[in-house]
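Undergrad: Provided herewith is a single structure, encoded as structure tokens, for subsequent inquiry.
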Amino acid sequence: VSKRVRVAVAGAGRAGEVHALNLANRVTIAELVAIIDQDLNLANQLAQKVGGVRSYQSLSDALKNEKFEALFITTPTHTHAPLTIEAAENGVHVFCEKPMALNLEEADKMIEKTRRHGVKLQIGFMRRFDPELRRVKKQVVEGAIGRPILLKSLTRGPGLPPSWALDPSTGIGMVAEVNSHDFDTARWLMGSEARSVLAKGEALINPGLKEKYAGYHDVYVSVLSFENDGIGIIDGACPVGYGYDARVEILGTDGLIVVGDIRGSSMVFYKSDKKAVTETFPSWRNRFYEAYIAEAESFLNAIAYDKKPEVSGEDGRKALELVLATIESMKTHRPVNLPLK
Ligand SMILES: NC(=O)c1ccc[n+]([C@@H]2O[C@H](COP(=O)([O-])OP(=O)(O)OC[C@H]3O[C@@H](n4cnc5c(N)ncnc54)[C@H](O)[C@@H]3O)[C@@H](O)[C@H]2O)c1
């Protein structure tokens, strides 16, 4: 590779570890230089794990001491806007994990600031880089199933989201944490924007958490009406225990495409108890392993060769709007029209 892009990662938690390991070991255009976490121990540990890069307790510290062109933001939702703005003001390109921000005002500011300072902004919808979903998109665009009329997308997670995600002052809850991706996939594959949302949610797996977290729910369905008159159905639930389950089905006037499997392996054990046993995906890490690498590669290439990122801030804002409309509809038991005021 002729040009490498110097990168820092802010947030040494679950997503930060995945990205940092990829940037250090898999993404050839990347040169990982620093890990940032407000918990310096976590930053140090991850920095060691990726081969001994430097670690910092804040983005400001890192900016003072290091030169890097790109920042990967893998911190809780409420920090996405301030970190993006600080990076932009320092001329650093931003890759920000989903959900983009706590609300649309923050998302608008992130888009405006990155634009004004001439830095790129990509949101972490790695499913757009999943090899199978890319083929689905191509087929749909080429008209292989006629006009898309019904899209079903579901994601169910094996564990509870981190507690900051369930606390309304730092996160948006399960719909954002688990299903942001489905809303993005729905608009991407439908090739159309939603004009209204009707949703129903309950707390049936851990009803006790309703006392602890305002608006807590752990299973829901959201029905989207698209401008092209197509219908979308998103569902989410967690924790489901049985594995990380992400599947999509798109029905057109001339065919159906189904993608994704609950099974995470083609291996089956046949035993003397007359049962056949296979495996599910334990986590998003393995279900979308290649997609995380490809999205980072694509973002850093957009920087190196001055191209538009494949997933924009506007895409992040649209998915956020669908998440927020879904939550509002769950509360009011009424359809919510878009755009949100
Ligand atoms: N794309 C995906 O599939 C995927 C998967 C998991 C998480 N995520 C996203 O990644 C983000 C992080 O989620 P997670 O599960 O890794 O969380 P996490 O709790 O595991 O890690 C977050 C880390 O950020 C640190 N932190 C908090 N505020 C900070 C600040 N201001 N500066 C520096 N560090 C700070 C915390 O100390 C913690 O170590 C969220 O937006 C989440 O939705 C995306």
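By convention here, the chains of the structure tokens are called A, B, ... in the order presented, each chain's residues are numbered starting at 1, and ligands are numbered starting at 1 in the order presented.
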Quick one: DSSP strand (DSSP E) residues in range 229-338 of chain A, as a PyMOL selection string?

TA: chain A and resi 231-237+245-252+255-259+269-270+276-277+336-337

Undergrad: Taking only C-alpha atoms and all ligand atoms into account, list the residues no farther than 6 Å from ligand 1, as a list of chain:residue names.

TA: A:Ala10, A:Gly11, A:Ala12, A:Gly13, A:Arg14, A:Ala15, A:Gly16, A:Ile36, A:Asp37, A:Gln38, A:Asp39, A:Ser58, A:Thr74, A:Thr75, A:Pro76, A:Thr77, A:Thr79, A:Glu97, A:Lys98, A:Pro99, A:Gly124, A:Pro162, A:Glu177, A:Trp284

Undergrad: Find the distance between CA of Val27 in chain A and CA of Glu297 in chain A and write it in Å to one decimal.

TA: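 Going from CA of Val27 in chain A over to CA of Glu297 in chain A covers 5.9 Å.
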
Undergrad: Please identify every residue of range 97-169 of chain A that has at least one atom no farther than 8 Å from an atom of range 211-222 of chain A, counting only C-alpha atoms, and for each give the shortest atom pair and the distance in Å to one decimal, arranged by chain then increasing number, as CSV.

TA:
residue,atom,partner,partner_atom,distance
A:Leu166,CA,A:Tyr213,CA,6.3
A:Asp167,CA,A:Tyr213,CA,6.0
A:Pro168,CA,A:Ala214,CA,7.1

Undergrad: With N, CA, C and O atoms kept, could you save the residues just selected as a PDB file, in the first residue's frame?

TA:
ATOM      1  N   LEU A 166     -29.163   1.639  28.212  1.00  0.00           N
ATOM      2  CA  LEU A 166     -30.538   1.565  28.715  1.00  0.00           C
ATOM      3  C   LEU A 166     -30.902   2.806  29.521  1.00  0.00           C
ATOM      4  O   LEU A 166     -32.081   3.073  29.773  1.00  0.00           O
ATOM      5  N   ASP A 167     -29.892   3.579  29.934  1.00  0.00           N
ATOM      6  CA  ASP A 167     -30.119   4.798  30.707  1.00  0.00           C
ATOM      7  C   ASP A 167     -30.360   5.950  29.727  1.00  0.00           C
ATOM      8  O   ASP A 167     -29.481   6.277  28.926  1.00  0.00           O
ATOM      9  N   PRO A 168     -31.559   6.562  29.769  1.00  0.00           N
ATOM     10  CA  PRO A 168     -31.908   7.577  28.765  1.00  0.00           C
ATOM     11  C   PRO A 168     -30.972   8.793  28.740  1.00  0.00           C
ATOM     12  O   PRO A 168     -30.973   9.522  27.748  1.00  0.00           O
TER      13      PRO A 168
END

Undergrad: Find the residue from A:Ala291, A:Met174, A:Leu150, A:Ile123 that sits nearest to Ile233 in chain A; use only C-alpha atoms when measuring.

TA: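 The shortest atom-to-atom distance to Ile233 in chain A comes from A:Leu150.
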
Undergrad: Using only C-alpha atoms, find the one residue out of A:Ala294, A:Ala319, A:Val336, A:Val259 that sits nearest to Phe129 in chain A.

TA: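 Result for the nearest residue to Phe129 in chain A: A:Ala294.
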
Undergrad: Just asking: which residues within range 58-189 of chain A are alpha helix (DSSP H) according to DSSP, as JSON, numbers by chain?

TA: {"A": [59, 60, 61, 62, 63, 64, 65, 80, 81, 82, 83, 84, 85, 86, 87, 88, 89, 104, 105, 106, 107, 108, 109, 110, 111, 112, 113, 114, 115, 116, 131, 132, 133, 134, 135, 136, 137, 138, 139, 140, 141, 163, 164, 165, 166, 174, 175, 176, 177, 178, 179, 180, 181, 182, 183, 184, 185, 186, 187, 188, 189]}

Undergrad: Export C-alpha atoms of the chosen residues as a PDB file, in the first residue's frame?

TA:
ATOM      1  CA  LEU A  59      -9.420  12.887  22.910  1.00  0.00           C
ATOM      2  CA  SER A  60      -7.929  16.274  23.840  1.00  0.00           C
ATOM      3  CA  ASP A  61      -4.821  14.572  25.290  1.00  0.00           C
ATOM      4  CA  ALA A  62      -4.413  12.457  22.192  1.00  0.00           C
ATOM      5  CA  LEU A  63      -4.819  15.460  19.876  1.00  0.00           C
ATOM      6  CA  LYS A  64      -2.132  17.319  21.820  1.00  0.00           C
ATOM      7  CA  ASN A  65       0.380  14.488  21.643  1.00  0.00           C
ATOM      8  CA  HIS A  80     -20.705  10.810  19.911  1.00  0.00           C
ATOM      9  CA  ALA A  81     -21.622  14.438  19.172  1.00  0.00           C
ATOM     10  CA  PRO A  82     -19.028  16.132  21.429  1.00  0.00           C
ATOM     11  CA  LEU A  83     -16.224  13.815  20.233  1.00  0.00           C
ATOM     12  CA  THR A  84     -17.181  14.258  16.570  1.00  0.00           C
ATOM     13  CA  ILE A  85     -17.238  18.038  16.938  1.00  0.00           C
ATOM     14  CA  GLU A  86     -13.870  18.129  18.715  1.00  0.00           C
ATOM     15  CA  ALA A  87     -12.321  15.923  16.033  1.00  0.00           C
ATOM     16  CA  ALA A  88     -13.813  18.007  13.207  1.00  0.00           C
ATOM     17  CA  GLU A  89     -12.544  21.250  14.738  1.00  0.00           C
ATOM     18  CA  LEU A 104     -31.638  14.748  15.692  1.00  0.00           C
ATOM     19  CA  GLU A 105     -30.286  18.113  16.891  1.00  0.00           C
ATOM     20  CA  GLU A 106     -26.967  16.469  17.806  1.00  0.00           C
ATOM     21  CA  ALA A 107     -26.933  14.573  14.508  1.00  0.00           C
ATOM     22  CA  ASP A 108     -27.485  17.822  12.583  1.00  0.00           C
ATOM     23  CA  LYS A 109     -24.623  19.466  14.443  1.00  0.00           C
ATOM     24  CA  MET A 110     -22.304  16.549  13.635  1.00  0.00           C
ATOM     25  CA  ILE A 111     -23.180  16.781   9.936  1.00  0.00           C
ATOM     26  CA  GLU A 112     -22.825  20.571   9.907  1.00  0.00           C
ATOM     27  CA  LYS A 113     -19.499  20.658  11.791  1.00  0.00           C
ATOM     28  CA  THR A 114     -17.814  17.935   9.764  1.00  0.00           C
ATOM     29  CA  ARG A 115     -18.974  19.623   6.554  1.00  0.00           C
ATOM     30  CA  ARG A 116     -17.790  23.053   7.670  1.00  0.00           C
ATOM     31  CA  PRO A 131     -20.632  -9.538   1.124  1.00  0.00           C
ATOM     32  CA  GLU A 132     -24.073 -11.192   0.943  1.00  0.00           C
ATOM     33  CA  LEU A 133     -26.086  -8.052   1.645  1.00  0.00           C
ATOM     34  CA  ARG A 134     -24.076  -6.235  -1.031  1.00  0.00           C
ATOM     35  CA  ARG A 135     -25.105  -8.887  -3.537  1.00  0.00           C
ATOM     36  CA  VAL A 136     -28.725  -8.529  -2.433  1.00  0.00           C
ATOM     37  CA  LYS A 137     -28.557  -4.764  -2.997  1.00  0.00           C
ATOM     38  CA  LYS A 138     -27.088  -5.290  -6.457  1.00  0.00           C
ATOM     39  CA  GLN A 139     -29.806  -7.782  -7.374  1.00  0.00           C
ATOM     40  CA  VAL A 140     -32.552  -5.447  -6.180  1.00  0.00           C
ATOM     41  CA  VAL A 141     -31.089  -2.474  -8.070  1.00  0.00           C
ATOM     42  CA  SER A 163     -26.291  -0.338  31.106  1.00  0.00           C
ATOM     43  CA  TRP A 164     -25.357   3.088  29.656  1.00  0.00           C
ATOM     44  CA  ALA A 165     -27.437   2.177  26.580  1.00  0.00           C
ATOM     45  CA  LEU A 166     -30.538   1.565  28.715  1.00  0.00           C
ATOM     46  CA  MET A 174     -32.601  -1.522  22.724  1.00  0.00           C
ATOM     47  CA  VAL A 175     -34.188  -0.295  19.472  1.00  0.00           C
ATOM     48  CA  ALA A 176     -31.133   1.892  18.833  1.00  0.00           C
ATOM     49  CA  GLU A 177     -28.554  -0.490  20.227  1.00  0.00           C
ATOM     50  CA  VAL A 178     -29.714  -3.667  18.511  1.00  0.00           C
ATOM     51  CA  ASN A 179     -31.808  -2.573  15.531  1.00  0.00           C
ATOM     52  CA  SER A 180     -30.264   0.666  14.178  1.00  0.00           C
ATOM     53  CA  HIS A 181     -28.773  -1.597  11.508  1.00  0.00           C
ATOM     54  CA  ASP A 182     -32.168  -2.965  10.418  1.00  0.00           C
ATOM     55  CA  PHE A 183     -33.547   0.532   9.844  1.00  0.00           C
ATOM     56  CA  ASP A 184     -30.535   1.384   7.723  1.00  0.00           C
ATOM     57  CA  THR A 185     -30.806  -1.877   5.777  1.00  0.00           C
ATOM     58  CA  ALA A 186     -34.529  -1.276   5.209  1.00  0.00           C
ATOM     59  CA  ARG A 187     -34.076   2.147   3.562  1.00  0.00           C
ATOM     60  CA  TRP A 188     -30.998   0.970   1.677  1.00  0.00           C
ATOM     61  CA  LEU A 189     -32.600  -2.142   0.177  1.00  0.00           C
TER      62      LEU A 189
END

Undergrad: Which one is closest to Gly143 in chain A: A:Gly159, A:Gly191, A:Gly51, A:Gly243? Count only C-alpha atoms.

TA: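 Ranked by minimum distance to Gly143 in chain A, first place goes to A:Gly191.
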